[in-house]
2 protein chains.
Amino acid sequence: MVEIECLLNIKKDGQNYLNPAKIILLQKIARLGSLRSAAKEMEISYQHAWNMIDEMNRLAPEPLVIKQRGGTTGGGASVSSYGSKILNEYSIIKQQLDKTINQIKVEIGM
Amino acid sequence: MVEIECLLNIKKDGQNYLNPAKIILLQKIARLGSLRSAAKEMEISYQHAWNMIDEMNRLAPEPLVIKQRGGTTGGGASVSSYGSKILNEYSIIKQQLDKTINQIKVEIGM
């Protein structure tokens, strides 16, 4: 069985802004409310996860993720409303590409 | 400036069959007639290049690359007519996805 897969990357001013791993990380932060828990679920280091977030936040006009330092729970992280908007736009683009891919499958057999 | 990029991977029976690096390698072999020269241009080892070719050849009904061993030039490699067909099909799929991407750019601003 042949499967066509499109890894969607979005660049901003030539720099890597969004990619599938970053999107999964954002989704996990939104669900778990914690960068540490999200990194753990992705089996990546906290530092690596933070670098991914930092890269996005620096390129965006507003931060996609907001860190809450300190507090009784040792701090958490949340996806901003701007971040949610970006997640939604990425998902719309992905859906349109997947729609094109589904049409291609019918036309081309390898 | 926002650029949307789709890295096109094609899987066969759940295994990685084609990806952008393999396509570039095939194109270079077709142009240079040598796996060694193609690997050198891609700045990857001969072994790595051969592993990529071997992975494709094993998954395909016919080999995409044919190695010519020995001879005065120390052996060469060529892309088979089946390989050329696959290159062409990959390019058609890529073009269709790029067409979709160009339409998306107009609709969505990040």
# chains A, B, ... in the order shown; residues from 1 in each chain; ligands from 1

$ interface_residues --of "chain A" --to "chain B" --cutoff "10 Å" --atoms "only C-alpha atoms" --output "PyMOL selection string"
chain A and resi 1-19+60-61+85-86+89-90+92-94+96-101+103-105+107-110

$ residues_around --residues "Ser37 (chain A)" --least-positions-apart "4" --cutoff "10 Å" --atoms "only C-alpha atoms" --output "list in words"
Lys28, Ile29, Arg31, Leu32, Gly33, Glu41, Met42, Glu43, Tyr46, Gly76 and Ala77 of chain A

$ write_last_selection --atoms "N, CA and C atoms" --output "compact mmCIF listing (two decimals), in the first residue's frame"
# COMPACT_ATOMS: atom_id res chain seq x y z
N LYS A 28 0.19 19.55 22.95
CA LYS A 28 0.38 18.90 24.26
C LYS A 28 0.40 19.93 25.39
N ILE A 29 1.02 21.07 25.15
CA ILE A 29 1.03 22.14 26.16
C ILE A 29 -0.40 22.60 26.44
N ARG A 31 -3.06 20.91 26.17
CA ARG A 31 -3.80 19.86 26.89
C ARG A 31 -3.31 19.70 28.32
N LEU A 32 -1.96 19.77 28.50
CA LEU A 32 -1.37 19.44 29.81
C LEU A 32 -1.11 20.66 30.69
N GLY A 33 -1.05 21.84 30.08
CA GLY A 33 -0.79 23.06 30.87
C GLY A 33 0.62 23.11 31.44
N GLU A 41 6.11 13.71 27.46
CA GLU A 41 5.27 12.90 26.56
C GLU A 41 5.89 12.75 25.18
N MET A 42 6.65 13.79 24.75
CA MET A 42 7.29 13.73 23.42
C MET A 42 8.65 13.03 23.47
N GLU A 43 9.06 12.67 24.68
CA GLU A 43 10.37 12.04 24.89
C GLU A 43 11.52 12.92 24.37
N TYR A 46 13.50 18.94 28.35
CA TYR A 46 12.83 20.20 28.65
C TYR A 46 13.51 21.32 27.87
N GLY A 76 3.76 26.64 35.21
CA GLY A 76 3.13 25.92 34.11
C GLY A 76 3.34 26.68 32.82
N ALA A 77 2.69 26.23 31.79
CA ALA A 77 2.76 26.92 30.50
C ALA A 77 1.41 26.80 29.83

$ calpha_fit_and_write --fixed "chain B" --moving "chain A" --output "mmCIF file with N, CA and C atoms, in the first residue's frame"
data_model
loop_
_atom_site.group_PDB
_atom_site.id
_atom_site.type_symbol
_atom_site.label_atom_id
_atom_site.label_comp_id
_atom_site.auth_asym_id
_atom_site.auth_seq_id
_atom_site.Cartn_x
_atom_site.Cartn_y
_atom_site.Cartn_z
ATOM 1 N N MET A 1 8.214 37.559 5.675
ATOM 2 C CA MET A 1 7.534 36.798 4.628
ATOM 3 C C MET A 1 7.306 35.351 5.069
ATOM 4 N N VAL A 2 6.083 34.895 4.868
ATOM 5 C CA VAL A 2 5.726 33.528 5.259
ATOM 6 C C VAL A 2 5.804 32.593 4.039
ATOM 7 N N GLU A 3 6.522 31.496 4.214
ATOM 8 C CA GLU A 3 6.631 30.501 3.138
ATOM 9 C C GLU A 3 6.090 29.169 3.641
ATOM 10 N N ILE A 4 5.206 28.566 2.867
ATOM 11 C CA ILE A 4 4.675 27.251 3.214
ATOM 12 C C ILE A 4 5.416 26.205 2.390
ATOM 13 N N GLU A 5 5.926 25.203 3.059
ATOM 14 C CA GLU A 5 6.759 24.201 2.402
ATOM 15 C C GLU A 5 6.221 22.816 2.757
ATOM 16 N N CYS A 6 6.115 21.966 1.767
ATOM 17 C CA CYS A 6 5.619 20.616 2.025
ATOM 18 C C CYS A 6 6.720 19.617 1.684
ATOM 19 N N LEU A 7 7.192 18.870 2.682
ATOM 20 C CA LEU A 7 8.172 17.820 2.424
ATOM 21 C C LEU A 7 7.396 16.546 2.110
ATOM 22 N N LEU A 8 7.514 16.115 0.880
ATOM 23 C CA LEU A 8 6.703 15.002 0.395
ATOM 24 C C LEU A 8 7.396 13.657 0.629
ATOM 25 N N ASN A 9 6.780 12.845 1.479
ATOM 26 C CA ASN A 9 7.276 11.485 1.740
ATOM 27 C C ASN A 9 6.283 10.484 1.193
ATOM 28 N N ILE A 10 6.800 9.448 0.587
ATOM 29 C CA ILE A 10 5.909 8.390 0.123
ATOM 30 C C ILE A 10 6.312 7.079 0.784
ATOM 31 N N LYS A 11 5.335 6.474 1.442
ATOM 32 C CA LYS A 11 5.579 5.211 2.140
ATOM 33 C C LYS A 11 4.984 4.064 1.336
ATOM 34 N N LYS A 12 5.613 2.931 1.459
ATOM 35 C CA LYS A 12 5.104 1.722 0.791
ATOM 36 C C LYS A 12 5.031 0.638 1.854
ATOM 37 N N ASP A 13 3.849 0.093 2.053
ATOM 38 C CA ASP A 13 3.635 -0.919 3.096
ATOM 39 C C ASP A 13 4.211 -0.449 4.437
ATOM 40 N N GLY A 14 3.996 0.809 4.749
ATOM 41 C CA GLY A 14 4.428 1.365 6.036
ATOM 42 C C GLY A 14 5.907 1.713 6.116
ATOM 43 N N GLN A 15 6.665 1.432 5.063
ATOM 44 C CA GLN A 15 8.103 1.740 5.099
ATOM 45 C C GLN A 15 8.420 2.964 4.247
ATOM 46 N N ASN A 16 9.465 3.707 4.641
ATOM 47 C CA ASN A 16 9.852 4.910 3.910
ATOM 48 C C ASN A 16 10.384 4.539 2.529
ATOM 49 N N TYR A 17 9.695 5.024 1.512
ATOM 50 C CA TYR A 17 10.073 4.679 0.143
ATOM 51 C C TYR A 17 10.766 5.877 -0.531
ATOM 52 N N LEU A 18 10.052 6.978 -0.626
ATOM 53 C CA LEU A 18 10.620 8.174 -1.270
ATOM 54 C C LEU A 18 10.521 9.374 -0.342
ATOM 55 N N ASN A 19 11.552 10.207 -0.383
ATOM 56 C CA ASN A 19 11.522 11.480 0.346
ATOM 57 C C ASN A 19 12.359 12.496 -0.438
ATOM 58 N N PRO A 20 12.351 13.764 -0.051
ATOM 59 C CA PRO A 20 13.061 14.763 -0.859
ATOM 60 C C PRO A 20 14.547 14.438 -1.066
ATOM 61 N N ALA A 21 15.239 13.922 -0.054
ATOM 62 C CA ALA A 21 16.667 13.615 -0.191
ATOM 63 C C ALA A 21 16.897 12.498 -1.216
ATOM 64 N N LYS A 22 16.037 11.477 -1.183
ATOM 65 C CA LYS A 22 16.174 10.372 -2.134
ATOM 66 C C LYS A 22 15.934 10.850 -3.568
ATOM 67 N N ILE A 23 14.984 11.753 -3.719
ATOM 68 C CA ILE A 23 14.681 12.280 -5.056
ATOM 69 C C ILE A 23 15.873 13.082 -5.587
ATOM 70 N N ILE A 24 16.483 13.907 -4.737
ATOM 71 C CA ILE A 24 17.668 14.675 -5.153
ATOM 72 C C ILE A 24 18.790 13.706 -5.552
ATOM 73 N N LEU A 25 18.962 12.650 -4.759
ATOM 74 C CA LEU A 25 19.997 11.657 -5.064
ATOM 75 C C LEU A 25 19.748 11.012 -6.432
ATOM 76 N N LEU A 26 18.502 10.611 -6.694
ATOM 77 C CA LEU A 26 18.163 10.017 -7.993
ATOM 78 C C LEU A 26 18.452 10.985 -9.141
ATOM 79 N N GLN A 27 18.086 12.252 -8.942
ATOM 80 C CA GLN A 27 18.307 13.258 -9.992
ATOM 81 C C GLN A 27 19.803 13.437 -10.270
ATOM 82 N N LYS A 28 20.596 13.403 -9.193
ATOM 83 C CA LYS A 28 22.049 13.574 -9.358
ATOM 84 C C LYS A 28 22.670 12.355 -10.050
ATOM 85 N N ILE A 29 22.199 11.165 -9.704
ATOM 86 C CA ILE A 29 22.707 9.954 -10.361
ATOM 87 C C ILE A 29 22.378 10.011 -11.860
ATOM 88 N N ALA A 30 21.140 10.428 -12.155
ATOM 89 C CA ALA A 30 20.723 10.518 -13.566
ATOM 90 C C ALA A 30 21.639 11.493 -14.324
ATOM 91 N N ARG A 31 22.031 12.574 -13.671
ATOM 92 C CA ARG A 31 22.854 13.599 -14.327
ATOM 93 C C ARG A 31 24.313 13.189 -14.404
ATOM 94 N N LEU A 32 24.822 12.577 -13.301
ATOM 95 C CA LEU A 32 26.267 12.321 -13.203
ATOM 96 C C LEU A 32 26.668 10.902 -13.628
ATOM 97 N N GLY A 33 25.702 9.988 -13.651
ATOM 98 C CA GLY A 33 26.016 8.604 -14.038
ATOM 99 C C GLY A 33 26.900 7.884 -13.031
ATOM 100 N N SER A 34 26.898 8.372 -11.795
ATOM 101 C CA SER A 34 27.772 7.785 -10.778
ATOM 102 C C SER A 34 27.193 8.022 -9.390
ATOM 103 N N LEU A 35 27.147 6.938 -8.602
ATOM 104 C CA LEU A 35 26.636 7.057 -7.236
ATOM 105 C C LEU A 35 27.643 7.812 -6.379
ATOM 106 N N ARG A 36 28.930 7.546 -6.631
ATOM 107 C CA ARG A 36 29.980 8.189 -5.842
ATOM 108 C C ARG A 36 29.959 9.718 -6.032
ATOM 109 N N SER A 37 29.841 10.151 -7.293
ATOM 110 C CA SER A 37 29.811 11.598 -7.577
ATOM 111 C C SER A 37 28.543 12.233 -7.002
ATOM 112 N N ALA A 38 27.419 11.497 -7.093
ATOM 113 C CA ALA A 38 26.154 12.015 -6.562
ATOM 114 C C ALA A 38 26.253 12.187 -5.042
ATOM 115 N N ALA A 39 26.833 11.170 -4.368
ATOM 116 C CA ALA A 39 26.990 11.236 -2.905
ATOM 117 C C ALA A 39 27.884 12.414 -2.527
ATOM 118 N N LYS A 40 28.957 12.608 -3.306
ATOM 119 C CA LYS A 40 29.907 13.693 -3.033
ATOM 120 C C LYS A 40 29.205 15.056 -3.137
ATOM 121 N N GLU A 41 28.411 15.222 -4.189
ATOM 122 C CA GLU A 41 27.688 16.489 -4.367
ATOM 123 C C GLU A 41 26.697 16.743 -3.245
ATOM 124 N N MET A 42 26.135 15.646 -2.679
ATOM 125 C CA MET A 42 25.167 15.805 -1.585
ATOM 126 C C MET A 42 25.848 15.904 -0.223
ATOM 127 N N GLU A 43 27.170 15.753 -0.231
ATOM 128 C CA GLU A 43 27.952 15.771 1.007
ATOM 129 C C GLU A 43 27.484 14.696 1.997
ATOM 130 N N ILE A 44 27.220 13.509 1.437
ATOM 131 C CA ILE A 44 26.908 12.346 2.272
ATOM 132 C C ILE A 44 27.893 11.239 1.884
ATOM 133 N N SER A 45 28.027 10.227 2.732
ATOM 134 C CA SER A 45 28.970 9.149 2.433
ATOM 135 C C SER A 45 28.404 8.251 1.330
ATOM 136 N N TYR A 46 29.315 7.567 0.646
ATOM 137 C CA TYR A 46 28.922 6.616 -0.393
ATOM 138 C C TYR A 46 27.997 5.566 0.218
ATOM 139 N N GLN A 47 28.339 5.100 1.417
ATOM 140 C CA GLN A 47 27.555 4.070 2.096
ATOM 141 C C GLN A 47 26.130 4.551 2.361
ATOM 142 N N HIS A 48 26.021 5.781 2.850
ATOM 143 C CA HIS A 48 24.705 6.359 3.142
ATOM 144 C C HIS A 48 23.878 6.458 1.857
ATOM 145 N N ALA A 49 24.524 6.925 0.788
ATOM 146 C CA ALA A 49 23.831 7.052 -0.508
ATOM 147 C C ALA A 49 23.372 5.668 -0.980
ATOM 148 N N TRP A 50 24.255 4.698 -0.855
ATOM 149 C CA TRP A 50 23.884 3.352 -1.296
ATOM 150 C C TRP A 50 22.733 2.784 -0.458
ATOM 151 N N ASN A 51 22.734 3.048 0.842
ATOM 152 C CA ASN A 51 21.633 2.584 1.691
ATOM 153 C C ASN A 51 20.296 3.177 1.245
ATOM 154 N N MET A 52 20.327 4.459 0.857
ATOM 155 C CA MET A 52 19.100 5.112 0.387
ATOM 156 C C MET A 52 18.593 4.430 -0.886
ATOM 157 N N ILE A 53 19.518 4.155 -1.799
ATOM 158 C CA ILE A 53 19.158 3.493 -3.059
ATOM 159 C C ILE A 53 18.651 2.068 -2.789
ATOM 160 N N ASP A 54 19.355 1.378 -1.915
ATOM 161 C CA ASP A 54 19.012 -0.007 -1.599
ATOM 162 C C ASP A 54 17.599 -0.094 -1.016
ATOM 163 N N GLU A 55 17.269 0.856 -0.142
ATOM 164 C CA GLU A 55 15.947 0.913 0.477
ATOM 165 C C GLU A 55 14.858 1.074 -0.593
ATOM 166 N N MET A 56 15.126 1.962 -1.554
ATOM 167 C CA MET A 56 14.150 2.162 -2.642
ATOM 168 C C MET A 56 14.053 0.913 -3.518
ATOM 169 N N ASN A 57 15.198 0.385 -3.918
ATOM 170 C CA ASN A 57 15.211 -0.786 -4.811
ATOM 171 C C ASN A 57 14.483 -1.979 -4.202
ATOM 172 N N ARG A 58 14.639 -2.172 -2.886
ATOM 173 C CA ARG A 58 14.000 -3.311 -2.219
ATOM 174 C C ARG A 58 12.483 -3.170 -2.183
ATOM 175 N N LEU A 59 12.001 -1.915 -2.052
ATOM 176 C CA LEU A 59 10.558 -1.692 -1.936
ATOM 177 C C LEU A 59 9.854 -1.647 -3.293
ATOM 178 N N ALA A 60 10.608 -1.376 -4.336
ATOM 179 C CA ALA A 60 10.006 -1.218 -5.662
ATOM 180 C C ALA A 60 9.897 -2.564 -6.373
ATOM 181 N N PRO A 61 8.952 -2.681 -7.312
ATOM 182 C CA PRO A 61 8.837 -3.915 -8.081
ATOM 183 C C PRO A 61 10.032 -4.125 -9.022
ATOM 184 N N GLU A 62 10.680 -3.027 -9.399
ATOM 185 C CA GLU A 62 11.891 -3.075 -10.249
ATOM 186 C C GLU A 62 12.896 -2.097 -9.658
ATOM 187 N N PRO A 63 14.212 -2.343 -9.821
ATOM 188 C CA PRO A 63 15.179 -1.381 -9.271
ATOM 189 C C PRO A 63 15.068 0.009 -9.918
ATOM 190 N N LEU A 64 15.239 1.032 -9.101
ATOM 191 C CA LEU A 64 15.219 2.413 -9.600
ATOM 192 C C LEU A 64 16.606 2.813 -10.097
ATOM 193 N N VAL A 65 17.639 2.201 -9.488
ATOM 194 C CA VAL A 65 19.017 2.512 -9.866
ATOM 195 C C VAL A 65 19.739 1.209 -10.183
ATOM 196 N N ILE A 66 20.495 1.232 -11.269
ATOM 197 C CA ILE A 66 21.278 0.063 -11.664
ATOM 198 C C ILE A 66 22.755 0.416 -11.554
ATOM 199 N N LYS A 67 23.475 -0.413 -10.790
ATOM 200 C CA LYS A 67 24.913 -0.191 -10.616
ATOM 201 C C LYS A 67 25.675 -0.987 -11.674
ATOM 202 N N GLN A 68 26.630 -0.331 -12.311
ATOM 203 C CA GLN A 68 27.537 -1.052 -13.208
ATOM 204 C C GLN A 68 28.873 -1.217 -12.495
ATOM 205 N N ARG A 69 29.177 -2.455 -12.155
ATOM 206 C CA ARG A 69 30.420 -2.703 -11.415
ATOM 207 C C ARG A 69 31.604 -2.790 -12.382
ATOM 208 N N GLY A 70 32.788 -2.467 -11.869
ATOM 209 C CA GLY A 70 34.041 -2.637 -12.613
ATOM 210 C C GLY A 70 34.164 -1.755 -13.836
ATOM 211 N N GLY A 71 34.922 -2.195 -14.820
ATOM 212 C CA GLY A 71 35.150 -1.400 -16.031
ATOM 213 C C GLY A 71 36.278 -0.412 -15.808
ATOM 214 N N THR A 72 36.665 0.262 -16.852
ATOM 215 C CA THR A 72 37.824 1.172 -16.765
ATOM 216 C C THR A 72 37.550 2.375 -15.867
ATOM 217 N N THR A 73 36.278 2.785 -15.769
ATOM 218 C CA THR A 73 35.948 3.969 -14.962
ATOM 219 C C THR A 73 35.663 3.605 -13.507
ATOM 220 N N GLY A 74 35.792 2.333 -13.146
ATOM 221 C CA GLY A 74 35.544 1.911 -11.767
ATOM 222 C C GLY A 74 34.079 1.770 -11.457
ATOM 223 N N GLY A 75 33.254 1.636 -12.475
ATOM 224 C CA GLY A 75 31.819 1.388 -12.265
ATOM 225 C C GLY A 75 31.010 2.660 -12.164
ATOM 226 N N GLY A 76 29.794 2.584 -12.631
ATOM 227 C CA GLY A 76 28.910 3.749 -12.578
ATOM 228 C C GLY A 76 27.545 3.327 -12.091
ATOM 229 N N ALA A 77 26.616 4.236 -12.145
ATOM 230 C CA ALA A 77 25.241 3.931 -11.760
ATOM 231 C C ALA A 77 24.316 4.716 -12.665
ATOM 232 N N SER A 78 23.187 4.111 -12.983
ATOM 233 C CA SER A 78 22.221 4.842 -13.804
ATOM 234 C C SER A 78 20.818 4.637 -13.259
ATOM 235 N N VAL A 79 19.963 5.602 -13.544
ATOM 236 C CA VAL A 79 18.563 5.512 -13.142
ATOM 237 C C VAL A 79 17.840 4.711 -14.225
ATOM 238 N N SER A 80 17.139 3.666 -13.824
ATOM 239 C CA SER A 80 16.416 2.807 -14.778
ATOM 240 C C SER A 80 15.211 3.561 -15.344
ATOM 241 N N SER A 81 14.596 2.984 -16.363
ATOM 242 C CA SER A 81 13.419 3.658 -16.922
ATOM 243 C C SER A 81 12.298 3.651 -15.879
ATOM 244 N N TYR A 82 12.267 2.605 -15.038
ATOM 245 C CA TYR A 82 11.281 2.591 -13.942
ATOM 246 C C TYR A 82 11.569 3.735 -12.960
ATOM 247 N N GLY A 83 12.864 3.939 -12.669
ATOM 248 C CA GLY A 83 13.272 5.040 -11.784
ATOM 249 C C GLY A 83 12.871 6.398 -12.344
ATOM 250 N N SER A 84 13.035 6.558 -13.661
ATOM 251 C CA SER A 84 12.652 7.827 -14.311
ATOM 252 C C SER A 84 11.154 8.055 -14.196
ATOM 253 N N LYS A 85 10.393 6.960 -14.322
ATOM 254 C CA LYS A 85 8.931 7.054 -14.208
ATOM 255 C C LYS A 85 8.550 7.515 -12.794
ATOM 256 N N ILE A 86 9.226 6.947 -11.790
ATOM 257 C CA ILE A 86 8.951 7.305 -10.395
ATOM 258 C C ILE A 86 9.322 8.775 -10.138
ATOM 259 N N LEU A 87 10.476 9.199 -10.673
ATOM 260 C CA LEU A 87 10.886 10.608 -10.545
ATOM 261 C C LEU A 87 9.814 11.525 -11.116
ATOM 262 N N ASN A 88 9.284 11.122 -12.249
ATOM 263 C CA ASN A 88 8.266 11.924 -12.923
ATOM 264 C C ASN A 88 6.971 11.964 -12.101
ATOM 265 N N GLU A 89 6.572 10.819 -11.542
ATOM 266 C CA GLU A 89 5.331 10.775 -10.751
ATOM 267 C C GLU A 89 5.466 11.594 -9.460
ATOM 268 N N TYR A 90 6.644 11.497 -8.830
ATOM 269 C CA TYR A 90 6.892 12.284 -7.618
ATOM 270 C C TYR A 90 6.777 13.772 -7.944
ATOM 271 N N SER A 91 7.357 14.155 -9.073
ATOM 272 C CA SER A 91 7.348 15.554 -9.486
ATOM 273 C C SER A 91 5.923 16.047 -9.763
ATOM 274 N N ILE A 92 5.084 15.180 -10.344
ATOM 275 C CA ILE A 92 3.688 15.553 -10.613
ATOM 276 C C ILE A 92 2.940 15.782 -9.289
ATOM 277 N N ILE A 93 3.147 14.878 -8.332
ATOM 278 C CA ILE A 93 2.492 15.015 -7.022
ATOM 279 C C ILE A 93 2.949 16.318 -6.355
ATOM 280 N N LYS A 94 4.266 16.555 -6.394
ATOM 281 C CA LYS A 94 4.836 17.773 -5.782
ATOM 282 C C LYS A 94 4.217 19.026 -6.405
ATOM 283 N N GLN A 95 4.085 19.014 -7.731
ATOM 284 C CA GLN A 95 3.511 20.172 -8.423
ATOM 285 C C GLN A 95 2.066 20.426 -7.987
ATOM 286 N N GLN A 96 1.314 19.336 -7.803
ATOM 287 C CA GLN A 96 -0.088 19.499 -7.396
ATOM 288 C C GLN A 96 -0.169 20.061 -5.981
ATOM 289 N N LEU A 97 0.735 19.589 -5.094
ATOM 290 C CA LEU A 97 0.744 20.105 -3.722
ATOM 291 C C LEU A 97 1.174 21.574 -3.725
ATOM 292 N N ASP A 98 2.178 21.913 -4.540
ATOM 293 C CA ASP A 98 2.631 23.305 -4.615
ATOM 294 C C ASP A 98 1.523 24.219 -5.139
ATOM 295 N N LYS A 99 0.725 23.689 -6.048
ATOM 296 C CA LYS A 99 -0.406 24.456 -6.590
ATOM 297 C C LYS A 99 -1.398 24.762 -5.454
ATOM 298 N N THR A 100 -1.689 23.732 -4.641
ATOM 299 C CA THR A 100 -2.589 23.913 -3.487
ATOM 300 C C THR A 100 -1.988 24.935 -2.528
ATOM 301 N N ILE A 101 -0.675 24.822 -2.274
ATOM 302 C CA ILE A 101 0.000 25.745 -1.352
ATOM 303 C C ILE A 101 -0.111 27.182 -1.860
ATOM 304 N N ASN A 102 0.058 27.377 -3.151
ATOM 305 C CA ASN A 102 -0.039 28.736 -3.705
ATOM 306 C C ASN A 102 -1.430 29.320 -3.535
ATOM 307 N N GLN A 103 -2.437 28.453 -3.605
ATOM 308 C CA GLN A 103 -3.813 28.932 -3.397
ATOM 309 C C GLN A 103 -4.041 29.282 -1.930
ATOM 310 N N ILE A 104 -3.458 28.485 -1.020
ATOM 311 C CA ILE A 104 -3.613 28.718 0.424
ATOM 312 C C ILE A 104 -3.022 30.066 0.810
ATOM 313 N N LYS A 105 -1.841 30.374 0.292
ATOM 314 C CA LYS A 105 -1.150 31.617 0.630
ATOM 315 C C LYS A 105 -2.028 32.842 0.490
ATOM 316 N N VAL A 106 -2.876 32.789 -0.531
ATOM 317 C CA VAL A 106 -3.754 33.927 -0.773
ATOM 318 C C VAL A 106 -4.808 34.018 0.335
ATOM 319 N N GLU A 107 -5.270 32.860 0.791
ATOM 320 C CA GLU A 107 -6.381 32.841 1.760
ATOM 321 C C GLU A 107 -5.947 33.129 3.194
ATOM 322 N N ILE A 108 -4.770 32.587 3.568
ATOM 323 C CA ILE A 108 -4.400 32.658 4.985
ATOM 324 C C ILE A 108 -3.161 33.505 5.206
ATOM 325 N N GLY A 109 -3.288 34.473 6.063
ATOM 326 C CA GLY A 109 -2.122 35.291 6.435
ATOM 327 C C GLY A 109 -1.816 35.040 7.899
ATOM 328 N N MET A 110 -0.564 34.791 8.215
ATOM 329 C CA MET A 110 -0.211 34.507 9.616
ATOM 330 C C MET A 110 0.449 35.740 10.246
#

$ select_by_dssp --residues "chain B" --states "helix (DSSP H, G or I)" --output "number ranges by chain"
B: 20-32, 35-42, 46-59, 81-107

$ select_by_dssp --residues "chain A" --states "strand (DSSP E or B)" --output "ChimeraX atom specification"
/A:2-12,15-18,65-68,76-79
